[in-house]
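A short write-up of the structure that comes next.
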Amino acid sequence: MTKEQFESITSFVKSHRNAEKILKAVNLILTLTVYVAYPALCLWLLFFSRERLLRCVLVPGIMFVLVSAARRLINRPRPYEKLGFVPIITKDKRGQSMPSRHVFSVFVIAMTFLYINPWLSLPFFLIGIILCTVRILGGVHYPSDVIVGAAIGLVSGFVGYFII
C-alpha cells in the first residue's frame, strides 16, 4: 500500500471536523468494552461455570503470548513509519504491526463468548469488524495486519473451544 492510498483512505476522516476525535473515541471505547467484558465473563465463570473457566483463560492467554512473539519476530513497520505520515491514532510504537493484537484479542474474546453463549458473542464480532476499520483508518495497521489478527483469533478460538 502506498502513502497516497493511505491518504485516500483517511481523507474522509481528516476532512470532517470532528471525525478524528470520533475515530479515536470509538477506538478507545471499543477496546475498553472488550477488555472489561472479558474479565467480567471470567468472573462470572468463576462463580457459575468453573469447569469452563480454565479453558477460557488458557485459550486467549496462550494465543496472546504466541501472537506477541510472532509480532516481535515479524517486526513489520507500521504504516506511518514506512509511508511517512502522521497517524490519526497516535502511537509511539515502532514495528510489530503484523498481526494486529487489538484485533486478534477482540476476535479470540468473541470466540470465548461464542463458546459460553452464542448470543452474547454477536456484539463482540461486530466490535471486531468495526475495530478492524478503525485501526486501518487510524493509520496504525495495514489491512493485512487486521485480517491476519482476526483470522488468528477466529481459528485459535475455534480450535481451542470446539476442536480440542
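Every chain in the C-alpha cells takes a letter, A first, then B, and so on in the order presented; its residues are numbered from 1, and the ligands are numbered from 1 following the presented order.
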Write out as a list in words which residues come within 7 Å of Gly149 (chain A) when counting only C-alpha atoms, dropping same-chain ones fewer than 2 positions away. Pro99, Ser100, Arg101, Val103, Phe104, Asp145, Val146, Ile147, Ala151, Ile152 and Gly153 of chain A
Hey, which bits of region 96-141 of chain A sit within 9 Å of region 50-63 of chain A, and for each residue what's the closest pair of atoms and how far apart in Å (one decimal), counting only C-alpha atoms, rows by chain and increasing number, as CSV?
residue,atom,partner,partner_atom,distance
A:Ser105,CA,A:Pro60,CA,7.5
A:Val108,CA,A:Pro60,CA,6.1
A:Ile109,CA,A:Pro60,CA,7.0
A:Thr112,CA,A:Cys56,CA,6.2
A:Phe113,CA,A:Cys56,CA,9.0
A:Tyr115,CA,A:Cys56,CA,8.7
A:Ile116,CA,A:Arg52,CA,8.2
For the residues in the current selection, export C-alpha atoms as a tab-separated table (two decimals), in the first residue's frame.
chain	number	residue	atom	x	y	z
A	105	SER	CA	-7.81	-10.04	21.07
A	108	VAL	CA	-10.49	-14.53	20.31
A	109	ILE	CA	-12.63	-12.97	23.07
A	112	THR	CA	-14.77	-17.14	24.02
A	113	PHE	CA	-18.23	-15.59	24.30
A	115	TYR	CA	-18.23	-20.85	23.44
A	116	ILE	CA	-20.18	-19.69	26.51
Find the residue from A:Leu137, A:Leu43, A:Leu83, A:Leu32 that sits nearest to Val106 (chain A); use only C-alpha atoms when measuring. A:Leu32
Write down as an MDAnalysis selection string the residues of region 13-132 of chain A whose backbone DSSP state falls under alpha helix (DSSP H). chainID A and resid 13:15 19:48 50:74 79:83 101:116 118:132
Which value, in Å to one decimal, gives the distance between CA of Cys42 (chain A) and CA of Tyr161 (chain A)?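 Those two atoms sit 14.9 Å apart.
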Residue nearest Ala110 (chain A) among A:Val140, A:Leu66, A:Ile163, A:Leu154 (counting only C-alpha atoms): A:Leu154
Please provide the set of residues having any atom within 9 Å of Ile88 (chain A), restricted to only C-alpha atoms, with same-chain residues fewer than 3 positions apart removed, written as a list in words. Thr10, Val13, Lys14, Glu20, Lys21, Leu23, Lys24, Leu137, Gly138, Gly139 and Val140 of chain A
Keeping only N, CA and C atoms, write the selected residues to a file as a compact mmCIF listing (two decimals), in the first residue's frame.
# COMPACT_ATOMS: atom_id res chain seq x y z
N THR A 10 -7.87 7.71 4.48
CA THR A 10 -8.08 8.54 5.68
C THR A 10 -8.59 9.94 5.35
N VAL A 13 -11.94 10.94 6.93
CA VAL A 13 -11.87 11.24 8.36
C VAL A 13 -11.23 12.61 8.58
N LYS A 14 -10.15 12.88 7.87
CA LYS A 14 -9.42 14.13 8.06
C LYS A 14 -10.19 15.35 7.54
N GLU A 20 -11.95 12.87 13.41
CA GLU A 20 -10.74 12.32 14.05
C GLU A 20 -11.00 12.04 15.53
N LYS A 21 -11.67 12.96 16.21
CA LYS A 21 -11.99 12.76 17.63
C LYS A 21 -12.92 11.56 17.80
N LEU A 23 -13.21 8.98 15.74
CA LEU A 23 -12.46 7.76 15.46
C LEU A 23 -11.62 7.33 16.66
N LYS A 24 -10.94 8.29 17.28
CA LYS A 24 -10.13 7.99 18.47
C LYS A 24 -11.01 7.51 19.62
N LEU A 137 -8.16 3.00 9.42
CA LEU A 137 -8.40 4.43 9.24
C LEU A 137 -7.51 5.27 10.15
N GLY A 138 -7.20 4.73 11.33
CA GLY A 138 -6.34 5.44 12.26
C GLY A 138 -4.88 5.45 11.84
N GLY A 139 -4.53 4.65 10.84
CA GLY A 139 -3.18 4.65 10.29
C GLY A 139 -2.18 3.81 11.05
N VAL A 140 -2.65 2.96 11.97
CA VAL A 140 -1.71 2.16 12.77
C VAL A 140 -1.54 0.73 12.25
